[in-house]
Amino acid sequence: MSAKNYLSLHLESAKSAVLQFAKQPVGTFLILVMLSVAMTLPLTLYLGVQSAQTVIGKLNEAPQITLYMEREAEEGDQAAVRKLLSEDKRIERYDFVGKDAGLAELQKNMGDQDLVSMLDENPLPDVFIVSPAANSEPDTVRALQADLAKMPMVESAKLDAEWMQTLYQVNDFVSKIFYFLAITLSLAFVLVAHNTIRLQILSRKEEIEITKLLGAPSSFIRRPFLYQAAWQSLAAAAVSLALCAWLMNSSKPLVGQIFKPYGINIEWRFFYAWEVLLVLLVVTALGIAGAALATQQHLLSFKARKS
Amino acid sequence: MIRFEQVSKIYPGGFAAVKNLSFTINKGEMIFLAGHSGAGKSTVLKLISGITRPTEGKVWMNNQNISELSDNQLGYLRQHIGIVFQDHKILYDRNVLQNVLLPLRIIGYDSAQAEKRARIAIEKVGLAGKETADPITLSGGEQQRLCIARAVVHQPSLLIADEPSANLDRAYALDIMELFKTFHEAGTTVIVAAHDETLMADYGHRILRLNQGRFA
């Protein structure tokens with residue numbers, strides 16, 4: 001068989017697969033909806049995780065350790081702490097807020113009330129605000145906090161560790177759900193594709209058997225079904241991507257409202273071109289795998305009956 | 001071309017359709033398989049085309065033991081055989097031309113060449129002008145002709161027909177037999193199974209008579 005004839009057979013199979021869909025529009029539509037919904041969930045979750053990553057990245061930079069000096073600490077003590085902070089590689093930067101500057105800021109926040117006249121003396125200590133290196137793990141930050149607390153003339157070192165820990169746990173949990181859904185729904189997708197093609201095979205059983213009796217090799221029989229699965233999966237992936245876009249757009253304002261009070265601005269993103277291509281390829285491959293499984297089973301059963 | 005060596009076929013359930021048959025069919029020969037219903041004619045044809053495998057013995061075709069062929073090898077073998085099935089096995093969701101085209105597409109003919117050959121085969125069996133007809137609208141005789149056109153369109157070296165004249169009146173049946181004679185004269189090996197021996201008498205070819213799976 002020449003390459004031209006071989007290609008024409010593929011073209012014919014691809015065309016007949018499309019015609020099969022047109023013959024059963026309602027069934028095709030329902031299967032498409034089922035496959036699309038199955039794919040939309042993990043895809044949307046993936047986008048959610050990816051969009052949240054930018055926020056989490058920013059929050060990772062946010063945790064700071066506040067270092068309260070003893071009230072009796074003098075300039076020499078501050079200099080000693082400054083030196084130690086400068087030498088610590090785990091620290092990205094630090095800012096010093098002197099007790100007078102602290103009081104001034106407090107007064108600013110109090111507004112019209114004259115706070116200074118109410119106090120005999122400035123009760124605030126000198127403070128260092130320490131920013132750990134970017135992407136520091138929670139354990140590293142906690143170890144740094146413990147070390148800072150031991151510095152000379154330091155009264156305490158405070159860190160909002162609980163918030164950071166929760167944030168990591170939520171992120172970890174969502175990622176785990178994403179992977180779980182991606183694996184289980186991919187498997188479900190293969191099974192749905194398998195079942196769809198199995199039903200197609202059963203409805204065209206007579207045609208397959210006649211074709212086989214006329215000498216058709218397995219590849220000839222299998223080909224239209226594989227194309228059918230490929231078109232079906234491609235269409236399902238395209239619909240899933242469209243559903244994802246719609247879901248994201250419609251949930252954007254609501255999610256934005258929820259996080260706004262916390263000063264969190266989620267930067268939503270859609271799939272990049274390479275991700276769209278990857279989704280289409282993977283989903284099509286999954287569909288073809290399911291169809292290949294179904295056709296293989298049918299051909300085996302035909303062989304068994306013949307013997 | 002075809003050689004049966006002590007072939008028996010016992011179907012699940014214990015029914016012995018063919019018992020210890022041995023015979024040879026030469027290349028280019030036309031042969032009739034005669035016998036009543038259940039004599040084993042259809043089973044012999046199924047064994048020749050590899051649709052079923054012998055329980056015992058060997059079926060040789062062109063020095064190849066058919067039982068040892070893989071599924072795809074059997075497919076390749078059938079691409080060189082034209083089969084006229086007793087129950088026609090026509091695809092009713094396709095028109096006459098598309099049915100006849102099928103063996104050519106399986107072999108890998110390009111569309112234009114395949115269509116040309118299919119139209120010639122359709123004309124040869126007397127169905128010209130019915131290329132786009134729905135097979136369900138054809139009469140029994142016409143459906144049989146469609147089945148013959150599909151069996152010969154790829155010019156097989158072996159043509160086998162299982163009761164091709166069953167349910168046809170005598171005039172139609174003789175027309176069908178004449179068609180087989182034409183193919184035989186063109187060099188094709190032809191095996192026809194029929195229960196009506198009066199149809200075979202005029203042709204003077206070898207007749208293998210079967211009774212309960214054995215030669216009568």
# chains A, B, ... in the order shown; residues from 1 in each chain; ligands from 1
>>> interface_residues(of="chain A", to="chain B", cutoff="12 Å", atoms="only C-alpha atoms", output="PyMOL selection string")
chain A and resi 1-13+20+23+204-221+223+299-300+302-307
>>> write_last_selection(atoms="N, CA and C atoms", output="short mmCIF file (atom, residue, chain, number, x, y, z; two decimals), in the first residue's frame")
data_model
loop_
_atom_site.label_atom_id
_atom_site.label_comp_id
_atom_site.auth_asym_id
_atom_site.auth_seq_id
_atom_site.Cartn_x
_atom_site.Cartn_y
_atom_site.Cartn_z
N MET A 1 0.84 -1.20 0.00
CA MET A 1 0.00 0.00 0.00
C MET A 1 0.88 1.26 0.00
N SER A 2 0.57 2.15 -0.91
CA SER A 2 1.40 3.37 -1.00
C SER A 2 1.07 4.32 0.15
N ALA A 3 2.02 5.25 0.39
CA ALA A 3 1.83 6.22 1.49
C ALA A 3 0.58 7.05 1.24
N LYS A 4 0.33 7.34 -0.03
CA LYS A 4 -0.84 8.17 -0.39
C LYS A 4 -2.14 7.44 -0.01
N ASN A 5 -2.17 6.13 -0.33
CA ASN A 5 -3.37 5.34 -0.01
C ASN A 5 -3.53 5.20 1.50
N TYR A 6 -2.39 5.04 2.18
CA TYR A 6 -2.42 4.90 3.64
C TYR A 6 -2.99 6.17 4.27
N LEU A 7 -2.53 7.31 3.76
CA LEU A 7 -3.03 8.59 4.28
C LEU A 7 -4.50 8.77 3.97
N SER A 8 -4.89 8.31 2.77
CA SER A 8 -6.31 8.46 2.40
C SER A 8 -7.19 7.60 3.30
N LEU A 9 -6.67 6.44 3.74
CA LEU A 9 -7.42 5.60 4.68
C LEU A 9 -7.60 6.32 6.01
N HIS A 10 -6.53 7.00 6.46
CA HIS A 10 -6.61 7.76 7.71
C HIS A 10 -7.63 8.90 7.58
N LEU A 11 -7.56 9.57 6.45
CA LEU A 11 -8.46 10.69 6.21
C LEU A 11 -9.91 10.21 6.21
N GLU A 12 -10.11 9.06 5.57
CA GLU A 12 -11.46 8.49 5.50
C GLU A 12 -11.96 8.12 6.90
N SER A 13 -11.07 7.51 7.70
CA SER A 13 -11.45 7.14 9.07
C SER A 13 -11.78 8.37 9.90
N GLN A 20 -20.04 9.85 12.31
CA GLN A 20 -20.68 9.04 13.37
C GLN A 20 -21.28 9.94 14.45
N LYS A 23 -24.42 11.49 13.33
CA LYS A 23 -25.55 10.55 13.30
C LYS A 23 -26.26 10.48 14.65
N ARG A 204 -21.98 -1.26 16.43
CA ARG A 204 -21.51 -1.50 15.05
C ARG A 204 -20.87 -2.88 14.93
N LYS A 205 -21.32 -3.77 15.82
CA LYS A 205 -20.74 -5.12 15.90
C LYS A 205 -20.82 -5.85 14.55
N GLU A 206 -22.01 -5.77 13.95
CA GLU A 206 -22.23 -6.50 12.70
C GLU A 206 -21.29 -5.99 11.61
N GLU A 207 -21.19 -4.68 11.54
CA GLU A 207 -20.32 -4.06 10.53
C GLU A 207 -18.87 -4.50 10.73
N ILE A 208 -18.46 -4.54 12.00
CA ILE A 208 -17.08 -4.94 12.30
C ILE A 208 -16.85 -6.39 11.88
N GLU A 209 -17.82 -7.24 12.20
CA GLU A 209 -17.65 -8.66 11.88
C GLU A 209 -17.62 -8.88 10.38
N ILE A 210 -18.47 -8.16 9.65
CA ILE A 210 -18.46 -8.30 8.19
C ILE A 210 -17.12 -7.82 7.63
N THR A 211 -16.66 -6.68 8.13
CA THR A 211 -15.39 -6.12 7.66
C THR A 211 -14.25 -7.11 7.93
N LYS A 212 -14.32 -7.73 9.11
CA LYS A 212 -13.30 -8.71 9.49
C LYS A 212 -13.36 -9.92 8.54
N LEU A 213 -14.58 -10.35 8.23
CA LEU A 213 -14.74 -11.50 7.33
C LEU A 213 -14.22 -11.19 5.93
N LEU A 214 -14.26 -9.92 5.57
CA LEU A 214 -13.77 -9.54 4.25
C LEU A 214 -12.25 -9.36 4.23
N GLY A 215 -11.63 -9.59 5.38
CA GLY A 215 -10.16 -9.59 5.43
C GLY A 215 -9.54 -8.34 6.00
N ALA A 216 -10.33 -7.52 6.69
CA ALA A 216 -9.76 -6.29 7.25
C ALA A 216 -8.81 -6.61 8.41
N PRO A 217 -7.61 -6.04 8.39
CA PRO A 217 -6.71 -6.23 9.53
C PRO A 217 -7.21 -5.43 10.74
N SER A 218 -6.66 -5.77 11.90
CA SER A 218 -7.11 -5.09 13.14
C SER A 218 -6.99 -3.58 13.02
N SER A 219 -5.90 -3.12 12.40
CA SER A 219 -5.67 -1.67 12.31
C SER A 219 -6.81 -0.99 11.55
N PHE A 220 -7.32 -1.65 10.51
CA PHE A 220 -8.40 -1.08 9.70
C PHE A 220 -9.66 -0.92 10.54
N ILE A 221 -9.92 -1.92 11.38
CA ILE A 221 -11.13 -1.90 12.21
C ILE A 221 -10.97 -0.88 13.35
N ARG A 223 -8.98 1.79 13.57
CA ARG A 223 -8.70 3.18 13.20
C ARG A 223 -9.88 4.15 13.37
N LEU A 299 -11.56 -7.03 19.69
CA LEU A 299 -10.88 -7.88 18.70
C LEU A 299 -10.50 -9.22 19.32
N LEU A 300 -10.12 -9.17 20.60
CA LEU A 300 -9.79 -10.42 21.30
C LEU A 300 -11.03 -11.30 21.42
N PHE A 302 -13.55 -11.35 19.45
CA PHE A 302 -13.87 -11.88 18.11
C PHE A 302 -13.02 -13.11 17.84
N LYS A 303 -11.75 -13.01 18.18
CA LYS A 303 -10.81 -14.10 17.96
C LYS A 303 -11.22 -15.33 18.76
N ALA A 304 -11.66 -15.08 20.00
CA ALA A 304 -12.03 -16.19 20.88
C ALA A 304 -13.24 -16.94 20.33
N ARG A 305 -14.20 -16.18 19.79
CA ARG A 305 -15.39 -16.82 19.24
C ARG A 305 -15.08 -17.67 18.03
N LYS A 306 -14.10 -17.20 17.25
CA LYS A 306 -13.78 -17.86 16.00
C LYS A 306 -13.15 -19.23 16.23
N SER A 307 -12.33 -19.33 17.27
CA SER A 307 -11.56 -20.56 17.51
C SER A 307 -12.44 -21.75 17.84
#
>>> residues_around(residues="Val37 of chain A", least_positions_apart="5", cutoff="10 Å", atoms="only C-alpha atoms", output="number ranges by chain")
A: 31-32, 42-43, 185, 236-237, 239-240, 243-244
>>> residues_around(residues="segment 171-186 of chain B", least_positions_apart="2", cutoff="8 Å", atoms="only C-alpha atoms", output="PDB file with C-alpha atoms, in the first residue's frame")
ATOM      1  CA  GLY B  28      -8.606 -22.833 -11.515  1.00  0.00           C
ATOM      2  CA  GLU B  29     -11.090 -25.610 -10.803  1.00  0.00           C
ATOM      3  CA  MET B  30     -14.825 -25.053 -10.357  1.00  0.00           C
ATOM      4  CA  VAL B 125     -23.546  -8.472 -12.022  1.00  0.00           C
ATOM      5  CA  GLY B 141     -31.887 -11.682  -6.298  1.00  0.00           C
ATOM      6  CA  ARG B 145     -25.865  -9.968  -7.006  1.00  0.00           C
ATOM      7  CA  PRO B 164     -25.974 -18.436  -3.558  1.00  0.00           C
ATOM      8  CA  SER B 165     -29.238 -19.454  -5.187  1.00  0.00           C
ATOM      9  CA  ALA B 166     -31.192 -20.180  -2.014  1.00  0.00           C
ATOM     10  CA  LEU B 168     -34.311 -17.459  -5.557  1.00  0.00           C
ATOM     11  CA  ASP B 169     -36.557 -18.694  -8.324  1.00  0.00           C
ATOM     12  CA  THR B 188     -10.795 -17.944 -10.726  1.00  0.00           C
ATOM     13  CA  THR B 189     -11.086 -21.051  -8.581  1.00  0.00           C
ATOM     14  CA  VAL B 190     -14.776 -21.306  -7.710  1.00  0.00           C
ATOM     15  CA  LEU B 199     -28.528 -26.483 -10.868  1.00  0.00           C
TER      16      LEU B 199
END
>>> residues_around(residues="Arg93 of chain A", least_positions_apart="4", cutoff="9 Å", atoms="only C-alpha atoms", output="ChimeraX atom specification")
/A:85-86,129-133
>>> residues_around(residues="Trp231 of chain A", least_positions_apart="4", cutoff="8 Å", atoms="only C-alpha atoms", output="number ranges by chain")
A: 17-18, 227, 235, 284
>>> write_last_selection(atoms="N, CA and C atoms", output="PDB file, in the first residue's frame")
ATOM      1  N   ALA A  17     -15.446   9.166  11.392  1.00  0.00           N
ATOM      2  CA  ALA A  17     -15.616   9.352  12.840  1.00  0.00           C
ATOM      3  C   ALA A  17     -16.463  10.593  13.123  1.00  0.00           C
ATOM      4  N   VAL A  18     -16.219  11.646  12.371  1.00  0.00           N
ATOM      5  CA  VAL A  18     -17.005  12.879  12.546  1.00  0.00           C
ATOM      6  C   VAL A  18     -18.460  12.614  12.152  1.00  0.00           C
ATOM      7  N   TYR A 227      -9.970   7.448  15.981  1.00  0.00           N
ATOM      8  CA  TYR A 227     -10.243   8.824  15.541  1.00  0.00           C
ATOM      9  C   TYR A 227     -11.461   9.386  16.276  1.00  0.00           C
ATOM     10  N   ALA A 235     -12.576  17.695  21.571  1.00  0.00           N
ATOM     11  CA  ALA A 235     -13.733  18.562  21.779  1.00  0.00           C
ATOM     12  C   ALA A 235     -13.974  18.753  23.273  1.00  0.00           C
ATOM     13  N   THR A 284      -6.342  14.149  24.694  1.00  0.00           N
ATOM     14  CA  THR A 284      -6.527  13.337  23.485  1.00  0.00           C
ATOM     15  C   THR A 284      -5.847  11.978  23.657  1.00  0.00           C
TER      16      THR A 284
END
>>> atom_distance(atom1="atom CA of His194 of chain A", atom2="atom CA of Lys15 of chain A")
20.5 Å
>>> select_by_dssp(residues="segment 44-191 of chain B", states="helix (DSSP H, G or I)", output="PyMOL selection string")
chain B and resi 44-48+66-68+71-78+96-107+111-124+135-137+140-152+170-185
>>> select_by_dssp(residues="segment 40-149 of chain A", states="strand (DSSP E or B)", output="ChimeraX atom specification")
/A:65-69,91-97,127-132
>>> write_last_selection(atoms="C-alpha atoms", output="PDB file, in the first residue's frame")
ATOM      1  CA  ILE A  65      10.272  38.945  63.135  1.00  0.00           C
ATOM      2  CA  THR A  66       9.912  41.851  65.500  1.00  0.00           C
ATOM      3  CA  LEU A  67      12.855  42.105  67.881  1.00  0.00           C
ATOM      4  CA  TYR A  68      12.052  44.004  71.084  1.00  0.00           C
ATOM      5  CA  MET A  69      15.089  45.352  72.928  1.00  0.00           C
ATOM      6  CA  ILE A  91      18.311  37.565  57.131  1.00  0.00           C
ATOM      7  CA  GLU A  92      17.501  39.531  54.008  1.00  0.00           C
ATOM      8  CA  ARG A  93      17.094  42.918  55.640  1.00  0.00           C
ATOM      9  CA  TYR A  94      16.273  44.618  58.909  1.00  0.00           C
ATOM     10  CA  ASP A  95      14.955  48.022  59.912  1.00  0.00           C
ATOM     11  CA  PHE A  96      15.496  49.797  63.189  1.00  0.00           C
ATOM     12  CA  VAL A  97      12.642  51.686  64.806  1.00  0.00           C
ATOM     13  CA  VAL A 127      12.660  47.611  67.912  1.00  0.00           C
ATOM     14  CA  PHE A 128      14.308  45.807  65.010  1.00  0.00           C
ATOM     15  CA  ILE A 129      12.004  44.547  62.263  1.00  0.00           C
ATOM     16  CA  VAL A 130      13.775  41.605  60.663  1.00  0.00           C
ATOM     17  CA  SER A 131      12.829  40.164  57.238  1.00  0.00           C
ATOM     18  CA  PRO A 132      14.077  36.593  56.739  1.00  0.00           C
TER      19      PRO A 132
END
>>> residues_around(residues="Ala101 of chain A", least_positions_apart="4", cutoff="12 Å", atoms="only C-alpha atoms", output="PyMOL selection string")
chain A and resi 96-97+105-108+122+124-127
>>> closest_residue(among="A:Leu47, A:Ala52, A:Ala104, A:Ala38", to="Tyr272 of chain A", atoms="only C-alpha atoms")
A:Leu47
>>> residues_around(residues="Ala118 of chain B", least_positions_apart="4", cutoff="6 Å", atoms="only C-alpha atoms", output="list of chain:residue names")
B:Val100, B:Leu101, B:Val153
>>> closest_residue(among="B:Ile136, B:Ile25, B:Val18, B:Ala114", to="Arg3 of chain B", atoms="only C-alpha atoms")
B:Ile25
>>> closest_residue(among="A:Gln257, A:Ser251, A:Ser175, A:Asn135", to="Tyr46 of chain A", atoms="only C-alpha atoms")
A:Ser175
>>> decode(residues="segment 156-192 of chain A", atoms="N, CA and C atoms", output="short mmCIF file (atom, residue, chain, number, x, y, z; two decimals), in the first residue's frame")
data_model
loop_
_atom_site.label_atom_id
_atom_site.label_comp_id
_atom_site.auth_asym_id
_atom_site.auth_seq_id
_atom_site.Cartn_x
_atom_site.Cartn_y
_atom_site.Cartn_z
N SER A 156 12.50 40.08 73.60
CA SER A 156 11.75 39.01 72.92
C SER A 156 11.77 39.19 71.40
N ALA A 157 11.51 38.07 70.73
CA ALA A 157 11.41 38.10 69.25
C ALA A 157 10.07 37.46 68.88
N LYS A 158 9.21 38.24 68.22
CA LYS A 158 7.85 37.76 67.92
C LYS A 158 7.71 37.44 66.42
N LEU A 159 6.98 36.35 66.19
CA LEU A 159 6.74 35.96 64.79
C LEU A 159 5.32 35.41 64.70
N ASP A 160 4.62 35.82 63.64
CA ASP A 160 3.27 35.28 63.46
C ASP A 160 3.38 33.94 62.73
N ALA A 161 3.96 32.96 63.45
CA ALA A 161 4.26 31.66 62.84
C ALA A 161 3.01 30.87 62.50
N GLU A 162 1.99 31.05 63.31
CA GLU A 162 0.77 30.25 63.11
C GLU A 162 0.13 30.53 61.77
N TRP A 163 0.08 31.81 61.44
CA TRP A 163 -0.53 32.23 60.17
C TRP A 163 0.24 31.64 58.98
N MET A 164 1.57 31.72 59.11
CA MET A 164 2.41 31.22 58.03
C MET A 164 2.25 29.70 57.87
N GLN A 165 2.20 29.04 59.04
CA GLN A 165 2.05 27.57 59.04
C GLN A 165 0.72 27.17 58.37
N THR A 166 -0.33 27.89 58.76
CA THR A 166 -1.65 27.60 58.19
C THR A 166 -1.64 27.80 56.68
N LEU A 167 -0.99 28.87 56.29
CA LEU A 167 -0.93 29.19 54.87
C LEU A 167 -0.26 28.05 54.09
N TYR A 168 0.86 27.57 54.63
CA TYR A 168 1.57 26.46 53.99
C TYR A 168 0.70 25.21 53.95
N GLN A 169 0.00 24.97 55.04
CA GLN A 169 -0.83 23.77 55.11
C GLN A 169 -1.96 23.83 54.10
N VAL A 170 -2.58 25.02 53.99
CA VAL A 170 -3.67 25.17 53.02
C VAL A 170 -3.15 24.94 51.61
N ASN A 171 -2.01 25.55 51.33
CA ASN A 171 -1.41 25.40 50.00
C ASN A 171 -1.07 23.94 49.70
N ASP A 172 -0.52 23.27 50.70
CA ASP A 172 -0.14 21.86 50.56
C ASP A 172 -1.39 21.00 50.33
N PHE A 173 -2.44 21.32 51.10
CA PHE A 173 -3.70 20.57 51.01
C PHE A 173 -4.32 20.72 49.62
N VAL A 174 -4.37 21.97 49.15
CA VAL A 174 -4.98 22.24 47.83
C VAL A 174 -4.16 21.54 46.74
N SER A 175 -2.84 21.58 46.86
CA SER A 175 -1.99 20.91 45.86
C SER A 175 -2.25 19.42 45.84
N LYS A 176 -2.41 18.85 47.07
CA LYS A 176 -2.66 17.40 47.16
C LYS A 176 -4.01 17.06 46.51
N ILE A 177 -5.01 17.89 46.77
CA ILE A 177 -6.33 17.66 46.16
C ILE A 177 -6.21 17.73 44.64
N PHE A 178 -5.42 18.71 44.18
CA PHE A 178 -5.26 18.86 42.73
C PHE A 178 -4.67 17.58 42.13
N TYR A 179 -3.59 17.08 42.74
CA TYR A 179 -2.95 15.88 42.19
C TYR A 179 -3.89 14.67 42.26
N PHE A 180 -4.60 14.57 43.39
CA PHE A 180 -5.54 13.45 43.56
C PHE A 180 -6.62 13.51 42.48
N LEU A 181 -7.19 14.71 42.29
CA LEU A 181 -8.24 14.85 41.28
C LEU A 181 -7.70 14.64 39.88
N ALA A 182 -6.50 15.15 39.64
CA ALA A 182 -5.91 15.01 38.31
C ALA A 182 -5.74 13.53 37.96
N ILE A 183 -5.26 12.75 38.94
CA ILE A 183 -5.03 11.32 38.67
C ILE A 183 -6.35 10.56 38.56
N THR A 184 -7.24 10.75 39.54
CA THR A 184 -8.48 9.97 39.53
C THR A 184 -9.38 10.36 38.36
N LEU A 185 -9.45 11.67 38.07
CA LEU A 185 -10.32 12.07 36.96
C LEU A 185 -9.71 11.72 35.60
N SER A 186 -8.39 11.65 35.52
CA SER A 186 -7.77 11.18 34.28
C SER A 186 -8.14 9.72 34.05
N LEU A 187 -8.09 8.98 35.14
CA LEU A 187 -8.45 7.55 35.06
C LEU A 187 -9.93 7.42 34.67
N ALA A 188 -10.75 8.29 35.31
CA ALA A 188 -12.18 8.27 34.98
C ALA A 188 -12.39 8.63 33.51
N PHE A 189 -11.60 9.56 33.03
CA PHE A 189 -11.71 9.98 31.63
C PHE A 189 -11.40 8.80 30.69
N VAL A 190 -10.35 8.06 31.03
CA VAL A 190 -9.98 6.89 30.21
C VAL A 190 -11.13 5.88 30.22
N LEU A 191 -11.70 5.67 31.41
CA LEU A 191 -12.79 4.68 31.52
C LEU A 191 -14.04 5.13 30.77
N VAL A 192 -14.34 6.45 30.86
CA VAL A 192 -15.51 6.96 30.14
C VAL A 192 -15.28 6.81 28.63
#
